[in-house]
$ cat input.txt   # compact mmCIF, C-alpha atoms
# COMPACT_ATOMS: atom_id res chain seq x y z
CA MET A 7 43.38 -37.88 11.32
CA LYS A 8 41.65 -35.40 9.05
CA LYS A 9 40.09 -33.68 12.07
CA HIS A 10 43.52 -33.23 13.68
CA ILE A 11 44.94 -31.76 10.48
CA MET A 12 42.06 -29.29 10.19
CA LEU A 13 42.49 -28.25 13.84
CA LEU A 14 46.21 -27.65 13.31
CA ALA A 15 45.43 -25.56 10.24
CA VAL A 16 42.98 -23.38 12.17
CA LEU A 17 45.49 -22.87 14.98
CA ALA A 18 48.14 -21.91 12.46
CA CYS A 19 45.82 -19.31 10.92
CA VAL A 20 44.97 -17.83 14.35
CA LEU A 21 48.64 -17.62 15.32
CA GLY A 22 49.46 -16.05 11.99
CA LEU A 23 46.78 -13.37 12.45
CA THR A 24 48.02 -12.68 15.97
CA GLY A 25 51.52 -12.25 14.72
CA CYS A 26 50.35 -9.86 12.01
CA GLY A 27 48.40 -7.83 14.51
CA SER A 28 51.31 -7.46 16.92
CA ALA A 29 53.66 -6.53 14.12
CA ASN A 30 51.32 -3.70 13.02
CA THR A 31 50.75 -2.32 16.55
CA VAL A 32 52.08 1.22 16.80
CA ALA A 33 54.21 1.65 19.92
CA GLN A 34 55.59 5.11 19.19
CA ASN A 35 55.44 8.13 16.91
CA ASP A 36 57.89 10.80 15.84
CA TYR A 37 57.72 12.47 19.24
CA PHE A 38 57.41 9.73 21.88
CA THR A 39 58.11 6.10 22.48
CA ALA A 40 55.75 4.14 24.72
CA ALA A 41 58.29 4.13 27.55
CA ASP A 42 58.94 7.88 27.31
CA ALA A 43 55.22 8.68 27.13
CA THR A 44 54.31 6.59 30.18
CA GLU A 45 57.17 8.00 32.23
CA THR A 46 56.18 11.56 31.29
CA GLY A 47 52.57 10.78 32.18
CA LYS A 48 53.58 9.56 35.63
CA GLN A 49 55.63 12.68 36.28
CA ILE A 50 52.78 14.98 35.21
CA THR A 51 50.27 13.07 37.37
CA THR A 52 52.55 13.39 40.40
CA MET A 53 53.02 17.11 39.71
CA ILE A 54 49.26 17.75 39.45
CA GLN A 55 48.68 15.88 42.74
CA GLU A 56 51.38 17.89 44.52
CA ILE A 57 49.99 21.21 43.24
CA TYR A 58 46.52 20.24 44.50
CA ALA A 59 47.80 18.97 47.87
CA THR A 60 49.90 22.08 48.56
CA GLY A 61 47.29 24.53 47.26
CA GLN A 62 49.76 26.27 44.95
CA VAL A 63 47.48 26.41 41.92
CA ASP A 64 47.54 30.22 41.96
CA THR A 65 51.23 30.21 41.10
CA TYR A 66 50.36 28.53 37.79
CA ALA A 67 47.77 31.14 36.73
CA ASP A 68 49.77 31.76 33.53
CA TYR A 69 49.31 28.09 32.55
CA PRO A 70 45.55 27.56 32.00
CA MET A 71 46.00 23.88 31.18
CA VAL A 72 47.63 23.20 34.54
CA VAL A 73 44.87 25.12 36.34
CA GLN A 74 42.21 23.08 34.51
CA ALA A 75 44.00 19.83 35.37
CA VAL A 76 44.13 20.75 39.07
CA GLU A 77 40.44 21.73 39.04
CA SER A 78 39.58 18.37 37.45
CA TRP A 79 41.58 16.58 40.15
CA GLU A 80 39.80 18.62 42.85
CA LYS A 81 36.36 17.58 41.54
CA ALA A 82 37.33 13.90 41.72
CA ALA A 83 39.18 14.18 45.05
CA ASP A 84 36.06 14.00 47.25
CA ASP A 85 35.12 10.56 45.90
CA MET A 86 38.69 9.41 45.27
CA GLY A 87 40.02 10.29 48.69
CA ASP A 88 43.71 10.70 49.51
CA PHE A 89 46.33 9.97 46.89
CA VAL A 90 48.07 6.67 47.66
CA GLY A 91 50.17 6.16 44.56
CA ILE A 92 50.32 5.35 40.86
CA THR A 93 49.32 1.85 39.85
CA THR A 94 49.62 1.63 36.06
CA ALA A 95 50.53 3.69 33.03
CA GLU A 96 49.67 2.88 29.41
CA ALA A 97 50.33 4.79 26.21
CA SER A 98 48.46 4.56 22.91
CA PHE A 99 49.31 6.25 19.62
CA ASP A 100 47.18 7.57 16.78
CA GLY A 101 49.38 9.32 14.28
CA ASP A 102 50.84 12.43 15.89
CA THR A 103 48.58 12.01 18.93
CA CYS A 104 49.73 10.10 22.02
CA THR A 105 47.29 9.34 24.86
CA VAL A 106 48.61 8.24 28.26
CA GLU A 107 46.31 6.77 30.90
CA VAL A 108 47.80 6.74 34.40
CA GLY A 109 46.07 4.65 37.06
CA ILE A 110 45.61 6.39 40.42
CA ASP A 111 45.26 4.52 43.70
CA GLY A 112 42.92 6.50 45.97
CA SER A 113 42.02 5.78 49.58
CA LYS A 114 38.29 5.65 48.71
CA ARG A 115 38.17 4.94 44.99
CA ASP A 116 40.62 4.49 42.15
CA GLY A 117 40.93 7.06 39.40
CA ILE A 118 42.61 7.57 36.08
CA GLU A 119 44.55 10.54 34.76
CA THR A 120 44.22 10.95 31.00
CA ILE A 121 46.99 12.96 29.35
CA VAL A 122 47.04 13.76 25.63
CA PHE A 123 50.03 14.90 23.60
CA THR A 124 49.61 16.21 20.06
CA GLU A 125 52.77 16.56 17.98
CA GLY A 126 54.78 16.31 21.17
CA ASN A 127 52.89 19.12 22.94
CA LEU A 128 50.67 18.66 25.98
CA THR A 129 47.08 19.42 24.88
CA SER A 130 44.75 17.89 27.49
CA MET A 131 44.69 16.60 31.10
CA SER A 132 41.70 15.29 33.05
CA THR A 133 40.99 13.17 36.13
CA ASP A 134 38.17 10.62 36.09
CA LEU A 135 36.88 8.14 38.64
CA GLN A 136 36.83 4.40 38.02
CA TYR A 137 33.60 2.56 38.83
CA THR A 138 32.92 -1.15 39.13
CA LEU A 139 30.56 -2.85 36.71
CA GLY A 140 27.83 -2.97 39.36
CA GLU A 141 28.18 0.75 40.09
CA THR A 142 28.14 1.57 36.39
CA MET A 143 24.96 -0.45 35.89
CA ALA A 144 23.36 1.19 38.94
CA ARG A 145 24.22 4.67 37.64
CA ALA A 146 22.85 3.79 34.20
CA GLY A 147 19.65 2.44 35.76
CA MET A 148 19.23 5.56 37.88
CA ASN A 149 19.73 7.80 34.85
CA THR A 150 17.15 5.75 32.95
CA LEU A 151 14.63 6.04 35.79
CA ILE A 152 15.16 9.78 36.07
CA GLY A 153 14.72 10.22 32.32
CA MET A 154 11.56 8.09 32.17
CA GLY A 155 10.15 9.73 35.31
CA THR A 156 10.70 13.20 33.86
CA THR A 157 8.98 12.15 30.63
CA PHE A 158 5.93 10.76 32.45
CA ILE A 159 5.65 13.88 34.63
CA ILE A 160 5.68 16.11 31.55
CA LEU A 161 3.03 13.94 29.86
CA ILE A 162 0.82 14.14 32.97
CA LEU A 163 1.16 17.93 33.06
CA ILE A 164 0.25 18.15 29.36
CA SER A 165 -2.83 15.96 29.97
CA LEU A 166 -3.92 18.20 32.86
CA ILE A 167 -3.51 21.32 30.74
CA ILE A 168 -5.54 19.79 27.90
CA SER A 169 -8.29 18.76 30.35
CA LEU A 170 -8.63 22.42 31.44
CA PHE A 171 -9.44 23.57 27.89
CA LYS A 172 -13.15 22.75 28.43
CA PHE A 173 -13.39 25.56 31.02
CA ILE A 174 -12.13 28.22 28.59
CA PRO A 175 -15.55 28.95 26.94
CA LYS A 176 -17.19 29.31 30.37
CA ILE A 177 -14.49 31.72 31.52
CA GLN A 178 -14.82 33.75 28.31
CA ALA A 179 -18.61 33.95 28.74
CA LEU A 180 -18.18 35.08 32.35
CA PHE A 181 -15.78 37.86 31.44
CA SER A 182 -17.92 38.97 28.49
CA LYS A 183 -20.90 39.43 30.87
CA LYS A 184 -18.78 41.43 33.27
CA GLU A 185 -17.45 43.63 30.48
CA GLU A 186 -20.96 44.62 29.26
CA SER A 187 -21.22 48.35 30.05
CA PRO A 188 -24.31 50.32 31.24
CA ALA A 189 -24.14 52.39 28.05
CA MET A 190 -24.69 49.27 25.94
CA ALA A 191 -27.65 48.28 28.12
CA SER A 192 -29.28 51.71 27.71
CA ILE A 193 -28.80 51.51 23.95
CA ASP A 194 -30.56 48.13 23.88
CA ASN A 195 -33.47 49.55 25.88
CA ALA A 196 -33.78 52.51 23.54
CA VAL A 197 -33.85 50.24 20.50
CA GLN A 198 -36.57 48.09 22.06
CA GLN A 199 -38.69 51.17 22.82
CA ILE A 200 -38.35 52.38 19.23
CA VAL A 201 -39.48 48.98 17.95
CA ARG A 202 -42.51 49.04 20.28
CA GLN A 203 -43.46 52.55 19.13
CA GLU A 204 -43.27 51.51 15.47
CA GLU A 205 -45.46 48.49 16.16
CA ALA A 206 -48.01 50.68 18.01
CA ALA A 207 -48.04 53.17 15.12
CA ASP A 208 -48.69 50.37 12.63
CA ASP A 209 -51.61 49.12 14.75
CA THR A 210 -53.12 52.65 14.91
CA GLU A 211 -53.08 53.01 11.14
CA LEU A 212 -54.58 49.56 10.73
CA ILE A 213 -57.39 50.38 13.22
CA ALA A 214 -58.26 53.58 11.30
CA VAL A 215 -58.43 51.70 7.99
CA ILE A 216 -60.65 48.95 9.48
CA ALA A 217 -62.99 51.51 11.10
CA ALA A 218 -63.38 53.41 7.83
CA ALA A 219 -64.11 50.20 5.94
CA ILE A 220 -66.79 49.18 8.43
CA ALA A 221 -68.37 52.65 8.30
CA ALA A 222 -68.45 52.55 4.50
CA SER A 223 -70.07 49.13 4.51
CA GLU A 224 -72.76 50.40 6.92
CA GLY A 225 -73.38 53.54 4.92
CA ALA A 226 -72.20 55.84 7.71
CA ALA A 227 -70.77 59.22 6.89
CA SER A 228 -67.84 58.80 9.28
CA ALA A 229 -66.18 56.19 11.43
CA ASP A 230 -66.51 58.16 14.68
CA GLY A 231 -69.06 55.80 16.13
CA TYR A 232 -67.00 52.69 15.59
CA VAL A 233 -64.36 51.41 18.03
CA VAL A 234 -61.91 48.61 17.22
CA ARG A 235 -61.07 47.04 20.55
CA SER A 236 -58.49 44.41 19.42
CA ILE A 237 -56.71 43.16 16.31
CA ARG A 238 -55.77 39.56 15.86
CA LYS A 239 -53.03 38.98 13.28
CA ILE A 240 -53.25 35.63 11.50
CA GLY A 241 -50.34 34.58 9.37
CA ARG A 242 -50.93 32.97 6.04
CA ARG A 243 -50.13 29.31 5.71
CA ALA A 244 -47.71 28.65 2.88
CA ARG A 245 -48.95 26.30 0.20
$ encode --input "input.txt" --output "structure tokens"
Amino acid sequence: MKKHIMLLAVLACVLGLTGCGSANTVAQNDYFTAADATETGKQITTMIQEIYATGQVDTYADYPMVVQAVESWEKAADDMGDFVGITTAEASFDGDTCTVEVGIDGSKRDGIETIVFTEGNLTSMSTDLQYTLGETMARAGMNTLIGMGTTFIILILISLIISLFKFIPKIQALFSKKEESPAMASIDNAVQQIVRQEEAADDTELIAVIAAAIAASEGAASADGYVVRSIRKIGRRAR
């Protein structure tokens, strides 16, 4: 018995909430009722279809919104096919904004015309295609694969570029050798010759000093009779 009472109480609460929600649903604003909005939406949808079918969009060049609506219908027409008729029309309200969604029956695929009124004025019109759940999931999967594939391709390219960095020093060394001019080579040769001449001059002075020392130790008047054939330089070992 208690279980039945509790169940009835829950049902009463649910029905009460449903009643509150329906009472608070906005079905009109200061500019449109739901019936007027849906009827206007149907008329506009039919007008846009007729302008597209007859190719008279140029006559509405002074009305950019109409031109944009016809262009939107043209983009969807290839997949939607021929216009068969209007299936549904629903209006929703958000303050001074009224949005009407008109269902379109196409020979290939259904579409929906979305029309927006703000403060009673027409502000937006667009035509969109309706996809099944399977098609939506397939499109989402394809977009995911394309995104992931692009990311992996970029990562592979970055890895290849980084792997080429090891060749940069070799390329720099190659170009530096090619850029060495003959003038620089001649300067290097001249410097080496100067160093050799200075070393030879130092050896000549050292030979003269050694010859004089030997002559003095032998009691000779001069060192003309002495010849130093070679000099061996021995470095001192550090202690």
$ axis_aligned_box --input "input.txt" --around "stretch 57-60 of chain A" --padding-each-side "5 Å" --output "AutoDock Vina command-line options"
--center_x 48.3 --center_y 20.5 --center_z 45.9 --size_x 13.5 --size_y 13.1 --size_z 15.3
$ closest_atom_pairs --input "input.txt" --of "stretch 41-81 of chain A" --to "stretch 95-118 of chain A" --cutoff "7 Å" --atoms "all atoms listed in the file" --output "JSON lines"
{"residue": "A:Ala43", "atom": "CA", "partner": "A:Ala97", "partner_atom": "CA", "distance": 6.3}
{"residue": "A:Thr44", "atom": "CA", "partner": "A:Ala95", "partner_atom": "CA", "distance": 5.6}
{"residue": "A:Gly47", "atom": "CA", "partner": "A:Val106", "partner_atom": "CA", "distance": 6.1}
{"residue": "A:Lys48", "atom": "CA", "partner": "A:Val108", "partner_atom": "CA", "distance": 6.5}
$ write_last_selection --input "input.txt" --atoms "C-alpha atoms" --output "PDB file, in the frame of the given file"
ATOM      1  CA  ALA A  43      55.220   8.680  27.130  1.00  0.00           C
ATOM      2  CA  THR A  44      54.310   6.590  30.180  1.00  0.00           C
ATOM      3  CA  GLY A  47      52.570  10.780  32.180  1.00  0.00           C
ATOM      4  CA  LYS A  48      53.580   9.560  35.630  1.00  0.00           C
TER       5      LYS A  48
END
$ atom_distance --input "input.txt" --atom1 "atom CA of A:Asp36" --atom2 "atom CA of A:Phe123"
11.8 Å
$ atom_distance --input "input.txt" --atom1 "atom CA of A:Pro70" --atom2 "atom CA of A:Ile54"
12.9 Å
$ closest_atom_pairs --input "input.txt" --of "stretch 126-171 of chain A" --to "stretch 74-91 of chain A" --cutoff "6 Å" --atoms "only C-alpha atoms" --output "tab-separated table"
residue	atom	partner	partner_atom	distance
A:Met131	CA	A:Ala75	CA	5.4
A:Ser132	CA	A:Ala75	CA	5.6
A:Thr133	CA	A:Trp79	CA	5.3
$ closest_residue --input "input.txt" --among "A:Ile168, A:Met154, A:Leu128, A:Ile213" --to "A:Phe38" --atoms "all atoms listed in the file"
A:Leu128
$ atom_distance --input "input.txt" --atom1 "atom CA of A:Ser165" --atom2 "atom CA of A:Gly147"
26.9 Å
$ closest_residue --input "input.txt" --among "A:Thr46, A:Gln198, A:Gln136, A:Thr94" --to "A:Val122" --atoms "all atoms listed in the file"
A:Thr46
$ closest_residue --input "input.txt" --among "A:Ala146, A:Ala214, A:Ala59, A:Ile121" --to "A:Asp134" --atoms "all atoms listed in the file"
A:Ile121
$ build_atoms --input "input.txt" --residues "stretch 148-173 of chain A" --atoms "N, CA and C atoms" --output "compact mmCIF listing (two decimals), keeping the file's coordinate frame"
# COMPACT_ATOMS: atom_id res chain seq x y z
N MET A 148 19.76 4.36 37.26
CA MET A 148 19.23 5.56 37.88
C MET A 148 18.98 6.66 36.84
N ASN A 149 19.92 6.81 35.91
CA ASN A 149 19.73 7.80 34.85
C ASN A 149 18.51 7.47 34.00
N THR A 150 18.32 6.17 33.73
CA THR A 150 17.15 5.75 32.95
C THR A 150 15.86 6.06 33.69
N LEU A 151 15.83 5.76 34.99
CA LEU A 151 14.63 6.04 35.79
C LEU A 151 14.33 7.53 35.84
N ILE A 152 15.37 8.33 36.02
CA ILE A 152 15.16 9.78 36.07
C ILE A 152 14.62 10.28 34.74
N GLY A 153 15.20 9.79 33.63
CA GLY A 153 14.72 10.22 32.32
C GLY A 153 13.28 9.82 32.07
N MET A 154 12.94 8.55 32.38
CA MET A 154 11.56 8.09 32.17
C MET A 154 10.60 8.81 33.11
N GLY A 155 11.02 9.02 34.37
CA GLY A 155 10.15 9.73 35.31
C GLY A 155 9.86 11.15 34.86
N THR A 156 10.90 11.83 34.37
CA THR A 156 10.70 13.20 33.86
C THR A 156 9.74 13.21 32.69
N THR A 157 9.88 12.23 31.79
CA THR A 157 8.98 12.15 30.63
C THR A 157 7.54 11.94 31.06
N PHE A 158 7.30 11.02 32.01
CA PHE A 158 5.93 10.76 32.45
C PHE A 158 5.34 11.98 33.16
N ILE A 159 6.15 12.68 33.94
CA ILE A 159 5.65 13.88 34.63
C ILE A 159 5.23 14.93 33.63
N ILE A 160 6.03 15.12 32.58
CA ILE A 160 5.68 16.11 31.55
C ILE A 160 4.40 15.71 30.84
N LEU A 161 4.25 14.40 30.53
CA LEU A 161 3.03 13.94 29.86
C LEU A 161 1.80 14.16 30.75
N ILE A 162 1.94 13.92 32.06
CA ILE A 162 0.82 14.14 32.97
C ILE A 162 0.44 15.62 33.02
N LEU A 163 1.44 16.50 33.06
CA LEU A 163 1.16 17.93 33.06
C LEU A 163 0.45 18.36 31.78
N ILE A 164 0.90 17.82 30.64
CA ILE A 164 0.25 18.15 29.36
C ILE A 164 -1.20 17.68 29.37
N SER A 165 -1.46 16.48 29.90
CA SER A 165 -2.83 15.96 29.97
C SER A 165 -3.70 16.85 30.85
N LEU A 166 -3.15 17.32 31.99
CA LEU A 166 -3.92 18.20 32.86
C LEU A 166 -4.25 19.52 32.17
N ILE A 167 -3.28 20.06 31.45
CA ILE A 167 -3.51 21.32 30.74
C ILE A 167 -4.60 21.15 29.68
N ILE A 168 -4.53 20.04 28.93
CA ILE A 168 -5.54 19.79 27.90
C ILE A 168 -6.93 19.62 28.53
N SER A 169 -7.00 18.96 29.70
CA SER A 169 -8.29 18.76 30.35
C SER A 169 -8.91 20.08 30.81
N LEU A 170 -8.11 21.11 31.01
CA LEU A 170 -8.63 22.42 31.44
C LEU A 170 -9.18 23.25 30.28
N PHE A 171 -8.96 22.80 29.04
CA PHE A 171 -9.44 23.57 27.89
C PHE A 171 -10.96 23.69 27.89
N LYS A 172 -11.69 22.71 28.46
CA LYS A 172 -13.15 22.75 28.43
C LYS A 172 -13.71 23.90 29.27
N PHE A 173 -12.93 24.45 30.19
CA PHE A 173 -13.39 25.56 31.02
C PHE A 173 -13.17 26.92 30.35
